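Structure file my_file.pdb with PDB, C-alpha atoms:
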```
ATOM      1  CA  MET A 554       0.000   0.000   0.000
ATOM      2  CA  SER A 555       1.437   3.359  -1.004
ATOM      3  CA  ILE A 556       2.251   6.180   1.404
ATOM      4  CA  GLU A 557      -0.324   8.436  -0.244
ATOM      5  CA  THR A 558      -3.087   5.898   0.351
ATOM      6  CA  LEU A 559      -2.134   5.563   4.011
ATOM      7  CA  GLU A 560      -2.194   9.344   4.469
ATOM      8  CA  VAL A 561      -5.641   9.601   2.874
ATOM      9  CA  GLU A 562      -7.038   6.834   5.094
ATOM     10  CA  ALA A 563      -5.497   8.390   8.201
ATOM     11  CA  ALA A 564      -6.973  11.773   7.336
ATOM     12  CA  ALA A 565     -10.399  10.213   6.799
ATOM     13  CA  GLU A 566     -10.282   8.382  10.130
ATOM     14  CA  ARG A 567      -8.921  11.381  12.065
ATOM     15  CA  PRO A 568     -11.745  13.269  13.854
ATOM     16  CA  ALA A 569     -12.219  16.810  12.648
ATOM     17  CA  ASP A 570     -11.638  19.058  15.639
ATOM     18  CA  GLY A 571     -14.277  21.731  15.769
ATOM     19  CA  ALA A 572     -15.726  20.648  12.440
ATOM     20  CA  TRP A 573     -19.063  22.235  13.263
ATOM     21  CA  SER A 574     -17.722  25.230  15.164
ATOM     22  CA  LEU A 575     -18.470  28.744  13.966
ATOM     23  CA  GLN A 576     -15.952  31.323  12.803
ATOM     24  CA  TRP A 577     -17.168  34.534  14.354
ATOM     25  CA  THR A 578     -15.112  37.000  12.350
ATOM     26  CA  PRO A 579     -17.020  36.430   9.068
ATOM     27  CA  ILE A 580     -20.287  36.182  10.999
ATOM     28  CA  VAL A 581     -19.814  39.552  12.704
ATOM     29  CA  ALA A 582     -18.612  41.152   9.469
ATOM     30  CA  GLY A 583     -21.618  39.767   7.584
ATOM     31  CA  ALA A 584     -23.992  41.051  10.256
ATOM     32  CA  PHE A 585     -22.462  44.532  10.058
ATOM     33  CA  ILE A 586     -22.794  44.509   6.274
ATOM     34  CA  ALA A 587     -26.438  43.410   6.512
ATOM     35  CA  CYS A 588     -27.217  46.201   8.996
ATOM     36  CA  ALA A 589     -25.430  48.782   6.835
ATOM     37  CA  VAL A 590     -27.264  47.791   3.645
ATOM     38  CA  SER A 591     -30.579  47.657   5.526
ATOM     39  CA  SER A 592     -29.999  51.133   6.984
ATOM     40  CA  ILE A 593     -29.255  52.554   3.551
ATOM     41  CA  MET A 594     -32.386  51.056   2.004
ATOM     42  CA  ILE A 595     -34.657  52.061   4.910
ATOM     43  CA  THR A 596     -33.269  55.604   4.833
ATOM     44  CA  PHE A 597     -33.984  55.784   1.118
ATOM     45  CA  ALA A 598     -37.525  54.483   1.649
ATOM     46  CA  THR A 599     -38.136  57.043   4.387
ATOM     47  CA  SER A 600     -36.877  59.862   2.169
ATOM     48  CA  VAL A 601     -39.355  58.974  -0.601
ATOM     49  CA  GLY A 602     -42.284  58.576   1.797
ATOM     50  CA  LEU A 603     -42.489  54.802   2.200
ATOM     51  CA  GLY A 604     -43.452  53.834   5.732
ATOM     52  CA  VAL A 605     -45.416  50.907   7.059
ATOM     53  CA  SER A 606     -47.024  52.453  10.117
ATOM     54  CA  SER A 607     -47.638  55.890  11.561
ATOM     55  CA  THR A 608     -50.209  57.535  13.820
ATOM     56  CA  ALA A 609     -50.163  60.802  11.891
ATOM     57  CA  PRO A 610     -53.476  61.848  10.336
ATOM     58  CA  THR A 611     -51.799  62.114   6.922
ATOM     59  CA  TRP A 612     -50.742  58.459   7.114
ATOM     60  CA  ARG A 613     -54.188  57.311   8.232
ATOM     61  CA  ASP A 614     -55.572  58.925   5.089
ATOM     62  CA  ALA A 615     -53.082  57.078   2.870
ATOM     63  CA  SER A 616     -54.286  54.401   0.500
ATOM     64  CA  ILE A 617     -54.031  50.688   1.111
ATOM     65  CA  ALA A 618     -51.781  50.478  -1.939
ATOM     66  CA  LEU A 619     -49.167  52.539  -0.085
ATOM     67  CA  TRP A 620     -49.372  50.176   2.875
ATOM     68  CA  VAL A 621     -48.861  47.146   0.615
ATOM     69  CA  LEU A 622     -46.036  48.843  -1.289
ATOM     70  CA  SER A 623     -44.301  49.740   1.976
ATOM     71  CA  GLY A 624     -44.623  46.163   3.208
ATOM     72  CA  LEU A 625     -43.235  44.748  -0.038
ATOM     73  CA  TYR A 626     -40.308  47.137   0.132
ATOM     74  CA  LEU A 627     -39.608  46.005   3.693
ATOM     75  CA  ILE A 628     -39.442  42.412   2.450
ATOM     76  CA  LEU A 629     -37.227  43.414  -0.498
ATOM     77  CA  GLN A 630     -34.716  45.222   1.690
ATOM     78  CA  ALA A 631     -34.558  42.209   4.003
ATOM     79  CA  LEU A 632     -33.776  39.888   1.079
ATOM     80  CA  ILE A 633     -31.045  42.184  -0.243
ATOM     81  CA  SER A 634     -29.449  43.135   3.072
ATOM     82  CA  PHE A 635     -29.463  39.679   4.656
ATOM     83  CA  GLY A 636     -28.403  38.161   1.345
ATOM     84  CA  CYS A 637     -25.373  40.462   1.194
ATOM     85  CA  GLY A 638     -24.453  39.681   4.798
ATOM     86  CA  GLY A 639     -24.857  35.938   4.318
ATOM     87  CA  TYR A 640     -22.838  35.922   1.107
ATOM     88  CA  PHE A 641     -19.982  37.783   2.781
ATOM     89  CA  ALA A 642     -20.055  35.419   5.782
ATOM     90  CA  GLY A 643     -19.783  32.387   3.506
ATOM     91  CA  ARG A 644     -17.313  33.960   1.079
ATOM     92  CA  VAL A 645     -14.650  34.976   3.619
ATOM     93  CA  ARG A 646     -15.024  31.950   5.890
ATOM     94  CA  SER A 647     -11.844  29.897   6.156
ATOM     95  CA  PRO A 648     -12.527  26.429   4.687
ATOM     96  CA  TYR A 649     -12.157  23.370   6.873
ATOM     97  CA  ALA A 650     -10.407  20.193   5.818
ATOM     98  CA  ALA A 651     -11.675  18.578   2.632
ATOM     99  CA  THR A 652     -14.996  16.924   3.373
ATOM    100  CA  VAL A 653     -18.199  16.036   1.616
ATOM    101  CA  THR A 654     -19.588  18.925  -0.391
ATOM    102  CA  ASP A 655     -22.957  18.772   1.352
ATOM    103  CA  ASP A 656     -21.287  19.214   4.737
ATOM    104  CA  VAL A 657     -19.352  22.244   3.474
ATOM    105  CA  GLU A 658     -22.563  23.836   2.190
ATOM    106  CA  LYS A 659     -24.329  23.179   5.495
ATOM    107  CA  ARG A 660     -21.499  24.816   7.405
ATOM    108  CA  ASP A 661     -21.601  27.818   5.104
ATOM    109  CA  GLY A 662     -25.374  27.977   5.572
ATOM    110  CA  PHE A 663     -24.984  27.885   9.353
ATOM    111  CA  HIS A 664     -22.621  30.849   9.131
ATOM    112  CA  GLY A 665     -25.195  32.703   7.042
ATOM    113  CA  ILE A 666     -27.941  31.973   9.594
ATOM    114  CA  ALA A 667     -25.679  33.085  12.450
ATOM    115  CA  SER A 668     -24.924  36.309  10.568
ATOM    116  CA  TRP A 669     -28.664  36.820  10.024
ATOM    117  CA  ALA A 670     -29.438  36.288  13.726
ATOM    118  CA  LEU A 671     -26.738  38.711  14.843
ATOM    119  CA  ALA A 672     -27.921  41.290  12.304
ATOM    120  CA  VAL A 673     -31.489  40.989  13.643
ATOM    121  CA  ILE A 674     -30.264  41.595  17.199
ATOM    122  CA  LEU A 675     -28.149  44.578  16.126
ATOM    123  CA  GLY A 676     -31.003  46.000  14.053
ATOM    124  CA  THR A 677     -33.448  45.650  16.944
ATOM    125  CA  ALA A 678     -31.051  47.407  19.310
ATOM    126  CA  LEU A 679     -30.438  50.182  16.778
ATOM    127  CA  ALA A 680     -34.175  50.632  16.186
ATOM    128  CA  ALA A 681     -34.758  50.861  19.944
ATOM    129  CA  LEU A 682     -32.076  53.543  20.267
ATOM    130  CA  VAL A 683     -33.529  55.536  17.376
ATOM    131  CA  ALA A 684     -37.052  55.230  18.776
ATOM    132  CA  SER A 685     -35.923  56.404  22.209
ATOM    133  CA  SER A 686     -34.131  59.411  20.709
ATOM    134  CA  LEU A 687     -37.175  60.345  18.640
ATOM    135  CA  SER A 688     -39.555  59.985  21.596
ATOM    136  CA  ARG A 689     -38.279  63.068  23.385
ATOM    137  CA  PRO A 690     -41.088  65.508  24.153
ATOM    138  CA  THR A 691     -41.749  67.997  21.368
ATOM    139  CA  SER A 692     -44.690  70.226  20.656
ATOM    140  CA  LEU A 693     -45.434  68.430  17.385
ATOM    141  CA  THR A 694     -45.033  64.751  18.229
ATOM    142  CA  GLN A 695     -46.125  64.400  21.854
ATOM    143  CA  PRO A 696     -49.660  64.574  23.252
ATOM    144  CA  ALA A 697     -50.590  67.264  25.734
ATOM    145  CA  SER A 698     -50.746  64.706  28.544
ATOM    146  CA  PRO A 699     -48.681  61.538  29.071
ATOM    147  CA  SER A 700     -51.890  59.603  29.735
ATOM    148  CA  GLU A 701     -53.514  60.876  26.552
ATOM    149  CA  PRO A 702     -53.703  58.319  23.700
ATOM    150  CA  SER A 703     -51.380  59.689  21.025
ATOM    151  CA  VAL A 704     -53.324  58.010  18.245
ATOM    152  CA  LEU A 705     -56.267  60.348  18.998
ATOM    153  CA  SER A 706     -54.359  63.593  19.571
ATOM    154  CA  TYR A 707     -55.786  65.220  16.455
ATOM    155  CA  GLU A 708     -59.331  64.118  17.318
ATOM    156  CA  LEU A 709     -58.963  65.535  20.843
ATOM    157  CA  ASP A 710     -57.745  68.832  19.381
ATOM    158  CA  HIS A 711     -60.882  68.884  17.267
ATOM    159  CA  LEU A 712     -63.075  68.020  20.241
ATOM    160  CA  PHE A 713     -61.834  70.865  22.471
ATOM    161  CA  ARG A 714     -61.187  73.448  19.769
ATOM    162  CA  SER A 715     -62.479  76.870  20.807
ATOM    163  CA  ALA A 716     -61.870  80.499  19.907
ATOM    164  CA  ARG A 717     -62.875  81.636  23.415
ATOM    165  CA  ARG A 718     -61.574  79.418  26.163
ATOM    166  CA  PRO A 719     -61.950  80.166  29.896
ATOM    167  CA  PRO A 720     -58.715  81.505  31.403
ATOM    168  CA  ASN A 721     -56.441  79.283  33.515
ATOM    169  CA  LEU A 722     -58.134  76.125  32.248
ATOM    170  CA  ASP A 723     -55.948  73.001  32.383
ATOM    171  CA  LEU A 724     -57.108  70.748  29.552
ATOM    172  CA  ALA A 725     -54.539  67.978  30.117
ATOM    173  CA  PRO A 726     -56.660  65.840  32.507
ATOM    174  CA  LEU A 727     -59.800  66.510  30.467
ATOM    175  CA  ARG A 728     -58.085  65.463  27.216
ATOM    176  CA  ALA A 729     -56.770  62.296  28.862
ATOM    177  CA  GLU A 730     -60.214  61.393  30.192
ATOM    178  CA  ALA A 731     -61.913  62.164  26.887
ATOM    179  CA  GLY A 732     -59.261  60.132  25.063
ATOM    180  CA  ARG A 733     -59.959  57.083  27.170
ATOM    181  CA  ILE A 734     -63.667  57.447  26.435
ATOM    182  CA  LEU A 735     -63.045  57.818  22.703
ATOM    183  CA  MET A 736     -60.918  54.662  22.698
ATOM    184  CA  THR A 737     -64.113  52.715  23.418
ATOM    185  CA  SER A 738     -65.537  53.854  20.082
ATOM    186  CA  SER A 739     -63.788  50.923  18.361
ATOM    187  CA  SER A 740     -65.440  48.346  20.629
ATOM    188  CA  HIS A 741     -68.490  46.328  19.616
ATOM    189  CA  SER A 742     -70.853  48.389  21.754
ATOM    190  CA  GLY A 743     -69.171  51.724  20.988
ATOM    191  CA  VAL A 744     -69.333  54.755  23.252
ATOM    192  CA  SER A 745     -72.083  54.350  25.815
ATOM    193  CA  GLY A 746     -74.889  56.884  26.191
ATOM    194  CA  ASP A 747     -73.610  58.105  29.561
ATOM    195  CA  ASP A 748     -70.096  58.640  28.204
ATOM    196  CA  ARG A 749     -71.447  60.482  25.185
ATOM    197  CA  ALA A 750     -73.550  62.769  27.382
ATOM    198  CA  TYR A 751     -70.498  63.446  29.556
ATOM    199  CA  LEU A 752     -68.414  64.370  26.502
ATOM    200  CA  VAL A 753     -71.131  66.790  25.426
ATOM    201  CA  GLN A 754     -70.999  68.439  28.854
ATOM    202  CA  LEU A 755     -67.203  68.706  28.680
ATOM    203  CA  VAL A 756     -67.289  70.301  25.239
ATOM    204  CA  THR A 757     -70.001  72.741  26.288
ATOM    205  CA  ALA A 758     -68.116  73.790  29.433
ATOM    206  CA  THR A 759     -64.669  74.144  27.832
ATOM    207  CA  THR A 760     -65.510  75.581  24.407
ATOM    208  CA  GLY A 761     -68.636  77.646  25.040
ATOM    209  CA  LEU A 762     -70.588  75.926  22.257
ATOM    210  CA  SER A 763     -74.314  75.529  22.476
ATOM    211  CA  GLY A 764     -75.807  72.167  23.332
ATOM    212  CA  ALA A 765     -76.732  71.324  19.739
ATOM    213  CA  ASP A 766     -73.317  72.304  18.354
ATOM    214  CA  ALA A 767     -71.513  70.379  21.090
ATOM    215  CA  ASP A 768     -73.719  67.355  20.393
ATOM    216  CA  ARG A 769     -72.849  67.408  16.685
ATOM    217  CA  ARG A 770     -69.137  67.855  17.410
ATOM    218  CA  VAL A 771     -69.094  64.900  19.783
ATOM    219  CA  ASP A 772     -70.787  62.684  17.185
ATOM    220  CA  THR A 773     -68.289  63.791  14.544
ATOM    221  CA  VAL A 774     -65.281  63.171  16.777
ATOM    222  CA  ILE A 775     -66.573  59.743  17.827
ATOM    223  CA  GLY A 776     -66.825  58.742  14.169
ATOM    224  CA  GLU A 777     -63.355  60.130  13.427
ATOM    225  CA  SER A 778     -61.907  58.287  16.409
ATOM    226  CA  ARG A 779     -63.431  55.006  15.301
ATOM    227  CA  THR A 780     -61.922  55.425  11.833
ATOM    228  CA  ALA A 781     -58.535  56.484  13.199
ATOM    229  CA  ILE A 782     -58.300  53.482  15.530
ATOM    230  CA  SER A 783     -59.392  51.097  12.782
ATOM    231  CA  ARG A 784     -56.828  52.378  10.292
ATOM    232  CA  THR A 785     -54.058  52.424  12.893
ATOM    233  CA  ARG A 786     -54.896  48.845  13.829
ATOM    234  CA  ALA A 787     -54.781  47.840  10.154
ATOM    235  CA  ALA A 788     -51.422  49.571   9.716
ATOM    236  CA  THR A 789     -50.070  47.712  12.752
ATOM    237  CA  ILE A 790     -51.202  44.383  11.284
ATOM    238  CA  VAL A 791     -49.509  45.204   7.983
ATOM    239  CA  LEU A 792     -46.339  46.143   9.846
ATOM    240  CA  ALA A 793     -46.298  42.954  11.941
ATOM    241  CA  PHE A 794     -47.013  40.677   8.976
ATOM    242  CA  SER A 795     -44.467  42.402   6.744
ATOM    243  CA  LEU A 796     -41.805  42.316   9.444
ATOM    244  CA  ALA A 797     -42.340  38.636  10.206
ATOM    245  CA  THR A 798     -42.302  37.736   6.509
ATOM    246  CA  ALA A 799     -39.197  39.846   5.918
ATOM    247  CA  LEU A 800     -37.309  38.168   8.769
ATOM    248  CA  LEU A 801     -38.287  34.675   7.615
ATOM    249  CA  LEU A 802     -37.355  35.295   3.990
ATOM    250  CA  GLY A 803     -34.210  37.086   5.158
ATOM    251  CA  ALA A 804     -33.088  33.921   6.960
ATOM    252  CA  ILE A 805     -33.625  31.886   3.789
ATOM    253  CA  ALA A 806     -31.751  34.477   1.730
ATOM    254  CA  ALA A 807     -28.842  34.493   4.214
ATOM    255  CA  TRP A 808     -28.563  30.691   4.076
ATOM    256  CA  ALA A 809     -28.673  30.542   0.270
ATOM    257  CA  ALA A 810     -26.276  33.468  -0.140
ATOM    258  CA  ALA A 811     -23.801  31.915   2.310
ATOM    259  CA  GLU A 812     -23.839  28.694   0.304
ATOM    260  CA  ALA A 813     -23.248  30.671  -2.887
ATOM    261  CA  GLY A 814     -20.397  32.571  -1.234
ATOM    262  CA  GLY A 815     -18.835  29.306  -0.067
ATOM    263  CA  ARG A 816     -18.962  27.852  -3.557
ATOM    264  CA  HIS A 817     -17.321  30.965  -4.987
ATOM    265  CA  ARG A 818     -14.691  30.732  -2.248
ATOM    266  CA  ASP A 819     -13.893  27.124  -3.170
ATOM    267  CA  GLY A 820     -13.976  27.785  -6.915
ATOM    268  CA  MET A 821     -16.983  25.537  -7.453
ATOM    269  CA  PRO A 822     -20.020  26.121  -9.678
ATOM    270  CA  LEU A 823     -23.278  27.106  -8.099
ATOM    271  CA  SER A 824     -25.937  24.526  -7.362
ATOM    272  CA  ASP A 825     -28.475  23.816 -10.057
ATOM    273  CA  TRP A 826     -31.247  25.588  -8.141
ATOM    274  CA  MET A 827     -29.096  28.736  -7.950
ATOM    275  CA  LEU A 828     -28.548  28.883 -11.701
ATOM    276  CA  HIS A 829     -30.746  30.151 -14.461
ATOM    277  CA  ALA A 830     -31.527  27.392 -16.914
ATOM    278  CA  ASN A 831     -29.961  29.102 -19.920
ATOM    279  CA  ARG A 832     -27.016  30.707 -18.160
ATOM    280  CA  PHE A 833     -24.646  27.757 -17.660
ATOM    281  CA  HIS A 834     -24.540  24.228 -18.916
ATOM    282  CA  ARG A 835     -22.356  21.217 -18.281
ATOM    283  CA  ARG A 836     -19.992  20.217 -21.061
ATOM    284  CA  ARG A 837     -17.384  17.456 -20.813
ATOM    285  CA  GLY A 838     -17.327  17.570 -17.009
ATOM    286  CA  THR A 839     -16.514  21.291 -16.850
ATOM    287  CA  TRP A 840     -18.704  24.329 -16.513
ATOM    288  CA  GLU A 841     -18.655  26.718 -19.420
ATOM    289  CA  ARG A 842     -20.815  29.541 -20.650
ATOM    290  CA  PRO A 843     -22.964  28.522 -23.599
ATOM    291  CA  SER A 844     -21.787  29.761 -26.927
ATOM    292  CA  VAL A 845     -23.988  32.362 -28.572
ATOM    293  CA  PRO A 846     -24.496  31.751 -32.298
ATOM    294  CA  ARG A 847     -23.549  34.632 -34.500
ATOM    295  CA  VAL A 848     -26.266  36.155 -36.600
TER     296      VAL A 848
END
```
What would the structure in this file look like if it were written as structure tokens?
Amino acid sequence: MSIETLEVEAAAERPADGAWSLQWTPIVAGAFIACAVSSIMITFATSVGLGVSSTAPTWRDASIALWVLSGLYLILQALISFGCGGYFAGRVRSPYAATVTDDVEKRDGFHGIASWALAVILGTALAALVASSLSRPTSLTQPASPSEPSVLSYELDHLFRSARRPPNLDLAPLRAEAGRILMTSSSHSGVSGDDRAYLVQLVTATTGLSGADADRRVDTVIGESRTAISRTRAATIVLAFSLATALLLGAIAAWAAAEAGGRHRDGMPLSDWMLHANRFHRRRGTWERPSVPRV
């Protein structure tokens, strides 16, 4: 038996130390790349007016097509960003000892999934920091009272709007109480008769309107509140569904991209499912581009 044969058999029988361990340098780098690409695409979407959810009255008046388009863009940016991060994690990973090709692809895929998971954690932390910085009290974004439902701030402004208001009147507790009553407008029973009568008394006392005018304003604001809550709830559902779908498809994209990066790293052709049918073909055991006939 030759020396080469003995070396091959010894290498095959030798256990691979840390064969399924992860290399964290390409994983961290891939996660950073995914977060960077995602930030760029989300910033671009924000600049052109694409957003999945907002409590602003202008957003509640937006069409459903804008909601769907925003959700689709969220999924698209997840595919691109996580795909870039996964490809980089698989491409720069140091190869292990020569093993079965399927095992190499699985290891590359695991690195892509790990990069995806780390990118999700980093993105969540970054989003929390941005949200906390944007939640500082301002005259345009914050309600008049901390206990006031922000989703109904515009409706409460409409409810207590008055050209002649009694001096030294603190509306903050009244707005908060009226907001809690208006939140019941989206329930099955709606605003009760007692609550409606109480709102009419509040409007009459704080705005100086007559009983009939205050009654009509309360009915109008109740209807507006019901619509605002319904549209905000729909926007939240679109956001949750789009985010969950984007994360799931992002994990698949990271796995597939990491496998593609590993094959490019090892100088191997892509798997059949990664190739377009008319892009490559097998000829005499080697991969070549198909010849294009001259016209």
When you draw a straight line from atom CA of A:Ser574 to atom CA of A:Cys588, how long is it in Å?
23.8 Å
Assuming the chain letters and numbering stay as they are in my file, what does the PyMOL selection byres ((chain A and resi 595) around 12) actually select? List them as a short mmCIF file (atom, residue, chain, number, x, y, z; two decimals) with C-alpha atoms, in the frame of the given file.
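New file part_7.cif:
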```cif
data_model
loop_
_atom_site.label_atom_id
_atom_site.label_comp_id
_atom_site.auth_asym_id
_atom_site.auth_seq_id
_atom_site.Cartn_x
_atom_site.Cartn_y
_atom_site.Cartn_z
CA CYS A 588 -27.22 46.20 9.00
CA ALA A 589 -25.43 48.78 6.84
CA VAL A 590 -27.26 47.79 3.64
CA SER A 591 -30.58 47.66 5.53
CA SER A 592 -30.00 51.13 6.98
CA ILE A 593 -29.26 52.55 3.55
CA MET A 594 -32.39 51.06 2.00
CA THR A 596 -33.27 55.60 4.83
CA PHE A 597 -33.98 55.78 1.12
CA ALA A 598 -37.52 54.48 1.65
CA THR A 599 -38.14 57.04 4.39
CA SER A 600 -36.88 59.86 2.17
CA VAL A 601 -39.35 58.97 -0.60
CA GLY A 602 -42.28 58.58 1.80
CA LEU A 603 -42.49 54.80 2.20
CA GLY A 604 -43.45 53.83 5.73
CA VAL A 605 -45.42 50.91 7.06
CA SER A 623 -44.30 49.74 1.98
CA GLY A 624 -44.62 46.16 3.21
CA TYR A 626 -40.31 47.14 0.13
CA LEU A 627 -39.61 46.00 3.69
CA ILE A 628 -39.44 42.41 2.45
CA LEU A 629 -37.23 43.41 -0.50
CA GLN A 630 -34.72 45.22 1.69
CA ALA A 631 -34.56 42.21 4.00
CA ILE A 633 -31.04 42.18 -0.24
CA SER A 634 -29.45 43.14 3.07
CA GLY A 676 -31.00 46.00 14.05
CA ALA A 680 -34.17 50.63 16.19
#
```
Apply the PyMOL selection byres ((chain A and resi 744) around 12) to the file shown and report the selected residues as a list of chain:residue names.
A:Ala731, A:Gly732, A:Arg733, A:Ile734, A:Leu735, A:Met736, A:Thr737, A:Ser738, A:Ser739, A:Ser740, A:His741, A:Ser742, A:Gly743, A:Ser745, A:Gly746, A:Asp747, A:Asp748, A:Arg749, A:Ala750, A:Tyr751, A:Leu752, A:Val771, A:Asp772, A:Val774, A:Ile775, A:Gly776, A:Ser778, A:Arg779
Can you write out the residues you just picked, keeping C-alpha atoms, as a PDB file, keeping the file's coordinate frame?
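Final output, selection14.pdb:
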```
ATOM      1  CA  ALA A 731     -61.913  62.164  26.887  1.00  0.00           C
ATOM      2  CA  GLY A 732     -59.261  60.132  25.063  1.00  0.00           C
ATOM      3  CA  ARG A 733     -59.959  57.083  27.170  1.00  0.00           C
ATOM      4  CA  ILE A 734     -63.667  57.447  26.435  1.00  0.00           C
ATOM      5  CA  LEU A 735     -63.045  57.818  22.703  1.00  0.00           C
ATOM      6  CA  MET A 736     -60.918  54.662  22.698  1.00  0.00           C
ATOM      7  CA  THR A 737     -64.113  52.715  23.418  1.00  0.00           C
ATOM      8  CA  SER A 738     -65.537  53.854  20.082  1.00  0.00           C
ATOM      9  CA  SER A 739     -63.788  50.923  18.361  1.00  0.00           C
ATOM     10  CA  SER A 740     -65.440  48.346  20.629  1.00  0.00           C
ATOM     11  CA  HIS A 741     -68.490  46.328  19.616  1.00  0.00           C
ATOM     12  CA  SER A 742     -70.853  48.389  21.754  1.00  0.00           C
ATOM     13  CA  GLY A 743     -69.171  51.724  20.988  1.00  0.00           C
ATOM     14  CA  SER A 745     -72.083  54.350  25.815  1.00  0.00           C
ATOM     15  CA  GLY A 746     -74.889  56.884  26.191  1.00  0.00           C
ATOM     16  CA  ASP A 747     -73.610  58.105  29.561  1.00  0.00           C
ATOM     17  CA  ASP A 748     -70.096  58.640  28.204  1.00  0.00           C
ATOM     18  CA  ARG A 749     -71.447  60.482  25.185  1.00  0.00           C
ATOM     19  CA  ALA A 750     -73.550  62.769  27.382  1.00  0.00           C
ATOM     20  CA  TYR A 751     -70.498  63.446  29.556  1.00  0.00           C
ATOM     21  CA  LEU A 752     -68.414  64.370  26.502  1.00  0.00           C
ATOM     22  CA  VAL A 771     -69.094  64.900  19.783  1.00  0.00           C
ATOM     23  CA  ASP A 772     -70.787  62.684  17.185  1.00  0.00           C
ATOM     24  CA  VAL A 774     -65.281  63.171  16.777  1.00  0.00           C
ATOM     25  CA  ILE A 775     -66.573  59.743  17.827  1.00  0.00           C
ATOM     26  CA  GLY A 776     -66.825  58.742  14.169  1.00  0.00           C
ATOM     27  CA  SER A 778     -61.907  58.287  16.409  1.00  0.00           C
ATOM     28  CA  ARG A 779     -63.431  55.006  15.301  1.00  0.00           C
TER      29      ARG A 779
END
```
At what distance in Å, to one decimal, does atom CA of A:Leu705 lie from atom CA of A:Thr780?
10.4 Å
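Atom CA of A:Arg786 lies 29.5 Å from atom CA of A:Gln754.
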With only C-alpha atoms as the counted atoms, please give the residues lying no more than 12 Å from A:Phe641, apart from itself and same-chain residues fewer than 3 positions off, as a count of residues only.
38
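Remark: for A:Thr759, the closest of the candidate residues A:Val791, A:Val621, A:Ala799, A:Ala716 is A:Ala716 (distances computed over only C-alpha atoms).
Contact shell of A:Leu792 at 9 Å (only C-alpha atoms; same-chain neighbours under 2 positions omitted): Val605, Ser606, Trp620, Ser623, Gly624, Ala787, Ala788, Thr789, Ile790, Phe794, Ser795, Leu796 and Ala797 of chain A.
Of the residues under consideration (A:Asn721, A:Thr785, A:Thr798, A:Ser715), A:Ser715 shows the shortest atom-to-atom contact distance to A:Thr760 when counting only C-alpha atoms.
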